[in-house]
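model-v5.csv follows (CSV, N, CA and C atoms):
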chain,number,residue,atom,x,y,z
A,1,MET,N,-77.3,86.9,-37.5
A,1,MET,CA,-78.0,85.9,-36.7
A,1,MET,C,-79.5,86.1,-36.9
A,2,ARG,N,-80.2,84.9,-36.8
A,2,ARG,CA,-81.7,84.9,-36.9
A,2,ARG,C,-82.3,85.6,-35.7
A,3,LYS,N,-83.5,86.2,-35.9
A,3,LYS,CA,-84.3,86.7,-34.8
A,3,LYS,C,-85.2,85.6,-34.3
A,4,ILE,N,-84.9,85.2,-33.1
A,4,ILE,CA,-85.7,84.1,-32.5
A,4,ILE,C,-86.9,84.6,-31.7
A,5,THR,N,-88.1,84.2,-32.1
A,5,THR,CA,-89.3,84.7,-31.4
A,5,THR,C,-90.0,83.5,-30.8
A,6,LEU,N,-89.7,82.3,-31.1
A,6,LEU,CA,-90.3,81.1,-30.6
A,6,LEU,C,-89.3,80.0,-30.3
A,7,ILE,N,-89.6,79.3,-29.2
A,7,ILE,CA,-88.9,78.1,-28.8
A,7,ILE,C,-90.0,77.0,-28.8
A,8,ILE,N,-89.9,76.1,-29.7
A,8,ILE,CA,-91.0,75.1,-29.9
A,8,ILE,C,-90.6,73.7,-29.5
A,9,VAL,N,-91.4,73.2,-28.5
A,9,VAL,CA,-91.1,71.8,-28.0
A,9,VAL,C,-92.0,70.8,-28.7
A,10,HIS,N,-91.3,69.7,-29.1
A,10,HIS,CA,-92.0,68.6,-29.8
A,10,HIS,C,-91.7,67.3,-29.1
A,11,CYS,N,-92.5,66.3,-29.5
A,11,CYS,CA,-92.1,64.9,-29.2
A,11,CYS,C,-91.8,64.2,-30.5
A,12,SER,N,-91.1,63.1,-30.4
A,12,SER,CA,-90.7,62.4,-31.7
A,12,SER,C,-91.8,61.5,-32.2
A,13,ALA,N,-92.9,61.3,-31.4
A,13,ALA,CA,-94.0,60.4,-31.7
A,13,ALA,C,-93.4,58.9,-31.8
A,14,ASN,N,-92.6,58.5,-30.9
A,14,ASN,CA,-92.1,57.2,-30.7
A,14,ASN,C,-92.7,56.6,-29.4
A,15,ARG,N,-92.6,55.3,-29.4
A,15,ARG,CA,-93.1,54.5,-28.2
A,15,ARG,C,-92.3,54.9,-27.0
A,16,SER,N,-92.9,54.9,-25.8
A,16,SER,CA,-92.2,55.2,-24.6
A,16,SER,C,-91.0,54.2,-24.4
A,17,GLY,N,-89.9,54.7,-23.9
A,17,GLY,CA,-88.8,53.9,-23.7
A,17,GLY,C,-87.9,53.7,-25.0
A,18,SER,N,-88.3,54.4,-26.1
A,18,SER,CA,-87.5,54.3,-27.3
A,18,SER,C,-86.0,54.7,-27.1
A,19,ALA,N,-85.1,54.0,-27.7
A,19,ALA,CA,-83.7,54.2,-27.5
A,19,ALA,C,-83.2,55.2,-28.6
A,20,LEU,N,-84.0,55.8,-29.4
A,20,LEU,CA,-83.6,56.7,-30.4
A,20,LEU,C,-82.8,57.9,-29.9
A,21,ARG,N,-81.8,58.3,-30.7
A,21,ARG,CA,-81.0,59.5,-30.4
A,21,ARG,C,-81.0,60.5,-31.5
A,22,MET,N,-80.3,61.6,-31.4
A,22,MET,CA,-80.3,62.6,-32.4
A,22,MET,C,-79.8,62.0,-33.7
A,23,VAL,N,-78.8,61.1,-33.7
A,23,VAL,CA,-78.2,60.6,-34.9
A,23,VAL,C,-79.3,59.8,-35.7
A,24,ASP,N,-80.2,59.1,-35.0
A,24,ASP,CA,-81.3,58.4,-35.6
A,24,ASP,C,-82.3,59.4,-36.3
A,25,MET,N,-82.6,60.5,-35.6
A,25,MET,CA,-83.4,61.5,-36.1
A,25,MET,C,-82.8,62.1,-37.4
A,26,ASP,N,-81.5,62.4,-37.3
A,26,ASP,CA,-80.7,62.9,-38.4
A,26,ASP,C,-80.8,62.0,-39.6
A,27,ARG,N,-80.6,60.7,-39.4
A,27,ARG,CA,-80.6,59.7,-40.5
A,27,ARG,C,-82.0,59.7,-41.1
A,28,TYR,N,-83.0,59.7,-40.3
A,28,TYR,CA,-84.4,59.6,-40.8
A,28,TYR,C,-84.7,60.9,-41.6
A,29,HIS,N,-84.4,62.0,-41.1
A,29,HIS,CA,-84.7,63.3,-41.8
A,29,HIS,C,-83.9,63.4,-43.1
A,30,ARG,N,-82.7,62.9,-43.1
A,30,ARG,CA,-82.0,62.9,-44.4
A,30,ARG,C,-82.6,61.9,-45.4
A,31,SER,N,-83.2,60.8,-44.9
A,31,SER,CA,-83.9,59.9,-45.8
A,31,SER,C,-85.1,60.5,-46.5
A,32,LEU,N,-85.6,61.6,-45.8
A,32,LEU,CA,-86.7,62.4,-46.4
A,32,LEU,C,-86.3,63.4,-47.4
A,33,GLY,N,-84.9,63.6,-47.5
A,33,GLY,CA,-84.4,64.6,-48.4
A,33,GLY,C,-84.0,65.9,-47.8
A,34,TRP,N,-84.1,65.9,-46.4
A,34,TRP,CA,-83.8,67.1,-45.7
A,34,TRP,C,-82.3,67.2,-45.6
A,35,LYS,N,-81.9,68.4,-45.1
A,35,LYS,CA,-80.4,68.7,-44.9
A,35,LYS,C,-79.9,68.1,-43.6
A,36,GLY,N,-80.6,67.3,-42.9
A,36,GLY,CA,-80.2,66.8,-41.6
A,36,GLY,C,-81.4,66.9,-40.6
A,37,CYS,N,-81.1,66.6,-39.4
A,37,CYS,CA,-82.1,66.7,-38.3
A,37,CYS,C,-82.8,68.1,-38.3
A,38,GLY,N,-84.1,68.0,-38.3
A,38,GLY,CA,-84.9,69.2,-38.4
A,38,GLY,C,-84.9,70.0,-37.1
A,39,TYR,N,-84.5,69.4,-36.0
A,39,TYR,CA,-84.6,70.0,-34.7
A,39,TYR,C,-83.2,70.6,-34.3
A,40,HIS,N,-83.2,71.6,-33.5
A,40,HIS,CA,-81.9,72.1,-33.0
A,40,HIS,C,-81.4,71.3,-31.8
A,41,TYR,N,-82.3,70.7,-31.1
A,41,TYR,CA,-81.9,69.9,-29.9
A,41,TYR,C,-82.8,68.7,-29.8
A,42,VAL,N,-82.2,67.5,-29.5
A,42,VAL,CA,-83.0,66.3,-29.2
A,42,VAL,C,-82.6,65.8,-27.8
A,43,ILE,N,-83.6,65.3,-27.1
A,43,ILE,CA,-83.4,64.8,-25.7
A,43,ILE,C,-83.9,63.4,-25.6
A,44,PRO,N,-82.9,62.4,-25.7
A,44,PRO,CA,-83.3,61.0,-25.5
A,44,PRO,C,-83.8,60.7,-24.1
A,45,THR,N,-84.2,59.5,-23.9
A,45,THR,CA,-84.8,59.1,-22.6
A,45,THR,C,-83.8,59.3,-21.4
A,46,ASP,N,-82.5,59.2,-21.7
A,46,ASP,CA,-81.6,59.3,-20.6
A,46,ASP,C,-81.3,60.8,-20.2
A,47,GLY,N,-81.9,61.7,-20.9
A,47,GLY,CA,-81.8,63.2,-20.5
A,47,GLY,C,-80.6,63.9,-21.1
A,48,THR,N,-79.9,63.2,-21.9
A,48,THR,CA,-78.8,63.9,-22.6
A,48,THR,C,-79.4,65.0,-23.5
A,49,ILE,N,-78.8,66.2,-23.6
A,49,ILE,CA,-79.2,67.2,-24.5
A,49,ILE,C,-78.3,67.1,-25.7
A,50,GLU,N,-78.8,66.6,-26.8
A,50,GLU,CA,-77.9,66.4,-28.0
A,50,GLU,C,-78.2,67.5,-29.0
A,51,PRO,N,-77.2,68.2,-29.5
A,51,PRO,CA,-77.4,69.2,-30.5
A,51,PRO,C,-77.7,68.6,-31.8
A,52,GLY,N,-78.7,69.2,-32.5
A,52,GLY,CA,-79.0,68.8,-33.9
A,52,GLY,C,-78.5,69.9,-34.8
A,53,ARG,N,-79.4,70.6,-35.5
A,53,ARG,CA,-79.0,71.7,-36.4
A,53,ARG,C,-78.4,72.9,-35.5
A,54,PRO,N,-77.4,73.5,-36.0
A,54,PRO,CA,-76.9,74.7,-35.3
A,54,PRO,C,-78.0,75.8,-35.2
A,55,GLU,N,-78.1,76.5,-34.1
A,55,GLU,CA,-79.1,77.5,-33.9
A,55,GLU,C,-79.2,78.5,-35.0
A,56,GLU,N,-78.1,78.8,-35.6
A,56,GLU,CA,-78.0,79.9,-36.6
A,56,GLU,C,-78.6,79.4,-38.0
A,57,ILE,N,-78.9,78.1,-38.1
A,57,ILE,CA,-79.5,77.5,-39.3
A,57,ILE,C,-81.0,77.3,-39.1
A,58,VAL,N,-81.8,77.7,-40.0
A,58,VAL,CA,-83.2,77.5,-39.9
A,58,VAL,C,-83.5,76.0,-39.8
A,59,GLY,N,-84.4,75.6,-38.8
A,59,GLY,CA,-84.8,74.3,-38.6
A,59,GLY,C,-85.9,73.8,-39.6
A,60,ALA,N,-86.4,72.6,-39.4
A,60,ALA,CA,-87.4,72.0,-40.2
A,60,ALA,C,-88.3,71.2,-39.3
A,61,HIS,N,-89.1,72.0,-38.5
A,61,HIS,CA,-89.9,71.3,-37.4
A,61,HIS,C,-91.3,71.8,-37.2
A,62,CYS,N,-91.6,73.0,-37.7
A,62,CYS,CA,-92.9,73.6,-37.6
A,62,CYS,C,-93.3,74.5,-38.7
A,63,ARG,N,-94.0,74.0,-39.7
A,63,ARG,CA,-94.3,74.8,-40.9
A,63,ARG,C,-94.8,76.2,-40.6
A,64,GLY,N,-94.2,77.1,-41.3
A,64,GLY,CA,-94.6,78.5,-41.1
A,64,GLY,C,-93.9,79.3,-40.0
A,65,HIS,N,-93.1,78.5,-39.2
A,65,HIS,CA,-92.5,79.1,-38.0
A,65,HIS,C,-91.0,78.8,-37.9
A,66,ASN,N,-90.5,78.1,-38.9
A,66,ASN,CA,-89.1,77.6,-38.8
A,66,ASN,C,-88.1,78.8,-38.9
A,67,ALA,N,-88.3,79.8,-39.6
A,67,ALA,CA,-87.4,80.9,-39.8
A,67,ALA,C,-87.1,81.7,-38.6
A,68,HIS,N,-88.0,81.7,-37.6
A,68,HIS,CA,-87.8,82.5,-36.4
A,68,HIS,C,-87.9,81.6,-35.1
A,69,SER,N,-87.6,80.4,-35.2
A,69,SER,CA,-87.7,79.5,-34.0
A,69,SER,C,-86.5,78.6,-33.8
A,70,ILE,N,-86.5,78.0,-32.6
A,70,ILE,CA,-85.6,77.0,-32.2
A,70,ILE,C,-86.5,75.8,-31.9
A,71,GLY,N,-86.1,74.6,-32.5
A,71,GLY,CA,-86.9,73.4,-32.3
A,71,GLY,C,-86.2,72.4,-31.3
A,72,VAL,N,-87.0,72.0,-30.3
A,72,VAL,CA,-86.5,71.1,-29.3
A,72,VAL,C,-87.4,69.9,-29.3
A,73,CYS,N,-86.9,68.7,-29.3
A,73,CYS,CA,-87.7,67.5,-29.4
A,73,CYS,C,-87.2,66.4,-28.4
A,74,TYR,N,-88.2,65.9,-27.6
A,74,TYR,CA,-87.9,64.8,-26.7
A,74,TYR,C,-88.3,63.5,-27.4
A,75,ILE,N,-87.5,62.5,-27.2
A,75,ILE,CA,-87.8,61.2,-27.7
A,75,ILE,C,-89.0,60.5,-26.9
A,76,GLY,N,-90.0,60.2,-27.6
A,76,GLY,CA,-91.2,59.5,-27.0
A,76,GLY,C,-92.4,60.2,-27.5
A,77,GLY,N,-93.5,60.1,-26.7
A,77,GLY,CA,-94.7,60.7,-27.0
A,77,GLY,C,-95.9,59.8,-27.3
A,78,LEU,N,-95.6,58.5,-27.3
A,78,LEU,CA,-96.6,57.5,-27.6
A,78,LEU,C,-96.6,56.4,-26.5
A,79,THR,N,-97.7,55.8,-26.2
A,79,THR,CA,-97.8,54.7,-25.3
A,79,THR,C,-96.8,53.5,-25.7
A,80,ALA,N,-96.6,52.6,-24.8
A,80,ALA,CA,-95.7,51.5,-25.1
A,80,ALA,C,-96.1,50.7,-26.3
A,81,ASP,N,-97.4,50.6,-26.5
A,81,ASP,CA,-97.9,49.8,-27.7
A,81,ASP,C,-97.8,50.7,-29.0
A,82,GLY,N,-97.5,52.0,-28.8
A,82,GLY,CA,-97.4,52.9,-30.0
A,82,GLY,C,-98.7,53.3,-30.6
A,83,LYS,N,-99.8,53.1,-29.9
A,83,LYS,CA,-101.2,53.3,-30.4
A,83,LYS,C,-101.8,54.7,-30.0
A,84,ARG,N,-101.3,55.2,-28.9
A,84,ARG,CA,-102.0,56.4,-28.3
A,84,ARG,C,-100.9,57.5,-27.9
A,85,PRO,N,-101.2,58.7,-28.1
A,85,PRO,CA,-100.3,59.8,-27.6
A,85,PRO,C,-100.3,59.8,-26.1
A,86,GLN,N,-99.1,60.1,-25.5
A,86,GLN,CA,-99.0,60.1,-24.1
A,86,GLN,C,-97.7,60.9,-23.7
A,87,ASP,N,-97.8,61.6,-22.6
A,87,ASP,CA,-96.6,62.3,-22.1
A,87,ASP,C,-95.7,61.2,-21.5
A,88,THR,N,-94.6,60.9,-22.3
A,88,THR,CA,-93.8,59.8,-21.8
A,88,THR,C,-92.4,60.3,-21.3
A,89,ARG,N,-92.3,61.6,-21.1
A,89,ARG,CA,-91.0,62.1,-20.6
A,89,ARG,C,-90.6,61.4,-19.3
A,90,THR,N,-89.3,61.0,-19.3
A,90,THR,CA,-88.7,60.4,-18.1
A,90,THR,C,-88.3,61.6,-17.2
A,91,GLU,N,-88.0,61.3,-16.0
A,91,GLU,CA,-87.6,62.3,-15.1
A,91,GLU,C,-86.3,63.0,-15.6
A,92,ALA,N,-85.4,62.2,-16.2
A,92,ALA,CA,-84.2,62.8,-16.8
A,92,ALA,C,-84.6,63.7,-17.9
A,93,GLN,N,-85.5,63.4,-18.7
A,93,GLN,CA,-86.0,64.3,-19.8
A,93,GLN,C,-86.6,65.6,-19.3
A,94,LYS,N,-87.4,65.4,-18.3
A,94,LYS,CA,-88.0,66.6,-17.7
A,94,LYS,C,-87.0,67.6,-17.2
A,95,MET,N,-86.0,67.1,-16.5
A,95,MET,CA,-84.9,67.9,-15.9
A,95,MET,C,-84.1,68.5,-17.1
A,96,ALA,N,-83.8,67.7,-18.1
A,96,ALA,CA,-83.0,68.2,-19.2
A,96,ALA,C,-83.8,69.3,-20.0
A,97,LEU,N,-85.1,69.1,-20.2
A,97,LEU,CA,-85.9,70.1,-20.8
A,97,LEU,C,-85.9,71.4,-20.0
A,98,ARG,N,-86.0,71.3,-18.7
A,98,ARG,CA,-86.0,72.5,-17.9
A,98,ARG,C,-84.7,73.3,-18.0
A,99,ARG,N,-83.6,72.5,-18.0
A,99,ARG,CA,-82.2,73.1,-18.1
A,99,ARG,C,-82.1,73.8,-19.5
A,100,LEU,N,-82.4,73.1,-20.5
A,100,LEU,CA,-82.3,73.6,-21.9
A,100,LEU,C,-83.2,74.8,-22.1
A,101,LEU,N,-84.4,74.7,-21.7
A,101,LEU,CA,-85.4,75.8,-21.9
A,101,LEU,C,-85.0,77.1,-21.1
A,102,THR,N,-84.4,76.8,-19.9
A,102,THR,CA,-83.9,77.9,-19.1
A,102,THR,C,-82.8,78.6,-19.8
A,103,ASP,N,-81.9,77.9,-20.3
A,103,ASP,CA,-80.7,78.4,-21.0
A,103,ASP,C,-81.2,79.2,-22.3
A,104,LEU,N,-82.1,78.6,-23.0
A,104,LEU,CA,-82.6,79.3,-24.2
A,104,LEU,C,-83.4,80.5,-23.9
A,105,HIS,N,-84.1,80.5,-22.8
A,105,HIS,CA,-84.9,81.7,-22.3
A,105,HIS,C,-83.9,82.8,-21.9
A,106,ILE,N,-82.8,82.5,-21.3
A,106,ILE,CA,-81.8,83.5,-21.0
A,106,ILE,C,-81.2,84.1,-22.2
A,107,ARG,N,-80.9,83.3,-23.2
A,107,ARG,CA,-80.3,83.8,-24.5
A,107,ARG,C,-81.3,84.4,-25.4
A,108,TYR,N,-82.6,84.0,-25.3
A,108,TYR,CA,-83.7,84.6,-26.2
A,108,TYR,C,-84.8,85.0,-25.3
A,109,PRO,N,-84.6,86.1,-24.4
A,109,PRO,CA,-85.6,86.4,-23.4
A,109,PRO,C,-87.0,86.8,-23.9
A,110,THR,N,-87.1,87.3,-25.1
A,110,THR,CA,-88.4,87.7,-25.6
A,110,THR,C,-89.1,86.5,-26.4
A,111,ALA,N,-88.4,85.4,-26.6
A,111,ALA,CA,-89.0,84.3,-27.3
A,111,ALA,C,-90.1,83.6,-26.5
A,112,LEU,N,-91.2,83.3,-27.1
A,112,LEU,CA,-92.2,82.5,-26.4
A,112,LEU,C,-91.9,81.0,-26.4
A,113,ILE,N,-92.1,80.3,-25.3
A,113,ILE,CA,-91.9,78.9,-25.3
A,113,ILE,C,-93.2,78.2,-25.4
A,114,VAL,N,-93.4,77.4,-26.5
A,114,VAL,CA,-94.7,76.8,-26.8
A,114,VAL,C,-94.5,75.4,-27.2
A,115,GLY,N,-95.6,74.7,-27.3
A,115,GLY,CA,-95.6,73.3,-27.8
A,115,GLY,C,-96.0,73.4,-29.3
A,116,HIS,N,-95.6,72.4,-30.1
A,116,HIS,CA,-96.0,72.3,-31.5
A,116,HIS,C,-97.5,72.4,-31.6
A,117,SER,N,-98.2,71.8,-30.8
A,117,SER,CA,-99.7,71.8,-30.8
A,117,SER,C,-100.3,73.2,-30.7
A,118,ASP,N,-99.5,74.1,-30.0
A,118,ASP,CA,-100.0,75.5,-29.9
A,118,ASP,C,-100.0,76.2,-31.2
A,119,LEU,N,-99.2,75.8,-32.1
A,119,LEU,CA,-99.1,76.5,-33.4
A,119,LEU,C,-99.7,75.7,-34.6
A,120,ASP,N,-99.9,74.4,-34.5
A,120,ASP,CA,-100.3,73.6,-35.6
A,120,ASP,C,-101.5,72.7,-35.2
A,121,PRO,N,-102.7,73.1,-35.6
A,121,PRO,CA,-103.9,72.3,-35.2
A,121,PRO,C,-103.8,70.8,-35.8
A,122,GLN,N,-103.0,70.6,-36.8
A,122,GLN,CA,-102.8,69.3,-37.3
A,122,GLN,C,-102.0,68.4,-36.4
A,123,LYS,N,-101.4,69.0,-35.3
A,123,LYS,CA,-100.5,68.2,-34.4
A,123,LYS,C,-101.1,68.4,-33.0
A,124,PRO,N,-102.3,68.0,-32.7
A,124,PRO,CA,-102.9,68.3,-31.4
A,124,PRO,C,-102.3,67.5,-30.2
A,125,HIS,N,-101.5,66.5,-30.5
A,125,HIS,CA,-100.9,65.7,-29.4
A,125,HIS,C,-99.4,65.9,-29.2
A,126,CYS,N,-98.8,66.9,-30.0
A,126,CYS,CA,-97.4,67.1,-29.9
A,126,CYS,C,-97.1,68.3,-29.1
A,127,PRO,N,-96.5,68.2,-28.0
A,127,PRO,CA,-95.6,67.2,-27.5
A,127,PRO,C,-96.3,66.3,-26.4
A,128,GLY,N,-97.6,66.4,-26.2
A,128,GLY,CA,-98.2,65.5,-25.2
A,128,GLY,C,-98.4,66.1,-23.9
A,129,PHE,N,-98.1,67.4,-23.7
A,129,PHE,CA,-98.3,68.1,-22.4
A,129,PHE,C,-98.4,69.6,-22.7
A,130,ASN,N,-98.9,70.3,-21.7
A,130,ASN,CA,-99.0,71.8,-21.9
A,130,ASN,C,-97.7,72.5,-21.6
A,131,VAL,N,-97.0,72.8,-22.7
A,131,VAL,CA,-95.7,73.4,-22.6
A,131,VAL,C,-95.8,74.8,-21.9
A,132,ILE,N,-96.7,75.6,-22.4
A,132,ILE,CA,-96.8,77.0,-21.8
A,132,ILE,C,-97.0,77.0,-20.3
A,133,LYS,N,-97.8,76.1,-19.8
A,133,LYS,CA,-98.1,76.0,-18.4
A,133,LYS,C,-96.9,75.4,-17.7
A,134,THR,N,-96.3,74.4,-18.2
A,134,THR,CA,-95.2,73.6,-17.6
A,134,THR,C,-93.9,74.4,-17.5
A,135,TYR,N,-93.6,75.2,-18.6
A,135,TYR,CA,-92.3,75.9,-18.7
A,135,TYR,C,-92.5,77.4,-18.8
A,136,HIS,N,-93.3,77.9,-17.9
A,136,HIS,CA,-93.5,79.4,-17.9
A,136,HIS,C,-92.4,80.1,-17.1
A,137,PHE,N,-91.8,81.0,-17.8
A,137,PHE,CA,-90.7,81.8,-17.1
A,137,PHE,C,-91.2,83.2,-17.0
A,138,ASP,N,-91.0,83.8,-15.9
A,138,ASP,CA,-91.3,85.2,-15.7
A,138,ASP,C,-90.2,86.1,-16.1
Translate this structure into structure tokens?
Amino acid sequence: MRKITLIIVHCSANRSGSALRMVDMDRYHRSLGWKGCGYHYVIPTDGTIEPGRPEEIVGAHCRGHNAHSIGVCYIGGLTADGKRPQDTRTEAQKMALRRLLTDLHIRYPTALIVGHSDLDPQKPHCPGFNVIKTYHFD
């Protein structure tokens, strides 16, 4: 089993209200030549927690950190016109993220829970909110 030291939260950089699901992310990532969805979990706007890559398989979501991380992505992250970054999480997504991150924290208690932007200065708006402050577990 991989040693997990990070749980990284992302947004998909889609317009608020997007109906995308994990299967859509999987299809897109495969079109890029990847082995499937780069995230381990995807959370659509209805708050469903959809599994992507199995946790034991290295993801493709944060350059330099994939080997030791779990990638979680919520669908959204842009305004309705698609022109500006915005925290577009629905209440259902917020609740699902809390449930999933709580479960992951229990299973990987020493892993830090961070946003993509905390690790990659090229992604300053991903996921669109302060993950460390929002999902701090003692």
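Closest to Leu6 in chain A among A:Asp118, A:Leu101, A:Gly52, A:Ser69 is A:Ser69, based on only N, CA and C atoms.
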Exercise for the section: Determine which residues of chain A receive a DSSP assignment of helix (DSSP H, G or I), computed from the backbone, and state them as a PyMOL selection string. Expected result: chain A and resi 22-31+66-68+91-107+116-119+131-134
Exercise for the section: Find the distance between CA of Tyr41 in chain A and atom N of Val72 in chain A and write it in Å to one decimal. Expected result: 5.5 Å
Problem - Residue contacts of Cys11 in chain A (7 Å, only N, CA and C atoms) excluding same-chain residues fewer than 6 positions away, as a count of residues only - result: 11
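Closest approach to Arg2 in chain A from the set A:Gly33, A:Asp24, A:Asp46, A:Ile57 is made by A:Ile57, with distances taken over only N, CA and C atoms.
Proximity ranking of A:Val23, A:Leu97, A:Ile132, A:Ile70 relative to Ile4 in chain A places A:Ile70 first, based on all atoms listed in the file.
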Fill in the blank from the handout: Shortest contact to Val58 in chain A, candidates A:Cys37, A:Leu104, A:Met25, A:Ala92, atoms counted only C-alpha atoms, goes to A:Cys37
Neighbour list for Thr102 in chain A as a CSV table (one decimal) with N, CA and C atoms, in the coordinates of the input, cut-off 12 Å, only C-alpha atoms, skip fewer than 6 positions in-chain:
chain,number,residue,atom,x,y,z
A,7,ILE,N,-89.6,79.3,-29.2
A,7,ILE,CA,-88.9,78.1,-28.8
A,7,ILE,C,-90.0,77.0,-28.8
A,95,MET,N,-86.0,67.1,-16.5
A,95,MET,CA,-84.9,67.9,-15.9
A,95,MET,C,-84.1,68.5,-17.1
A,96,ALA,N,-83.8,67.7,-18.1
A,96,ALA,CA,-83.0,68.2,-19.2
A,96,ALA,C,-83.8,69.3,-20.0
A,108,TYR,N,-82.6,84.0,-25.3
A,108,TYR,CA,-83.7,84.6,-26.2
A,108,TYR,C,-84.8,85.0,-25.3
A,109,PRO,N,-84.6,86.1,-24.4
A,109,PRO,CA,-85.6,86.4,-23.4
A,109,PRO,C,-87.0,86.8,-23.9
A,111,ALA,N,-88.4,85.4,-26.6
A,111,ALA,CA,-89.0,84.3,-27.3
A,111,ALA,C,-90.1,83.6,-26.5
A,112,LEU,N,-91.2,83.3,-27.1
A,112,LEU,CA,-92.2,82.5,-26.4
A,112,LEU,C,-91.9,81.0,-26.4
A,113,ILE,N,-92.1,80.3,-25.3
A,113,ILE,CA,-91.9,78.9,-25.3
A,113,ILE,C,-93.2,78.2,-25.4
A,135,TYR,N,-93.6,75.2,-18.6
A,135,TYR,CA,-92.3,75.9,-18.7
A,135,TYR,C,-92.5,77.4,-18.8
A,136,HIS,N,-93.3,77.9,-17.9
A,136,HIS,CA,-93.5,79.4,-17.9
A,136,HIS,C,-92.4,80.1,-17.1
A,137,PHE,N,-91.8,81.0,-17.8
A,137,PHE,CA,-90.7,81.8,-17.1
A,137,PHE,C,-91.2,83.2,-17.0
A,138,ASP,N,-91.0,83.8,-15.9
A,138,ASP,CA,-91.3,85.2,-15.7
A,138,ASP,C,-90.2,86.1,-16.1
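The spacing separating CA of Ser16 in chain A from CA of Gly82 in chain A amounts to 7.8 Å.
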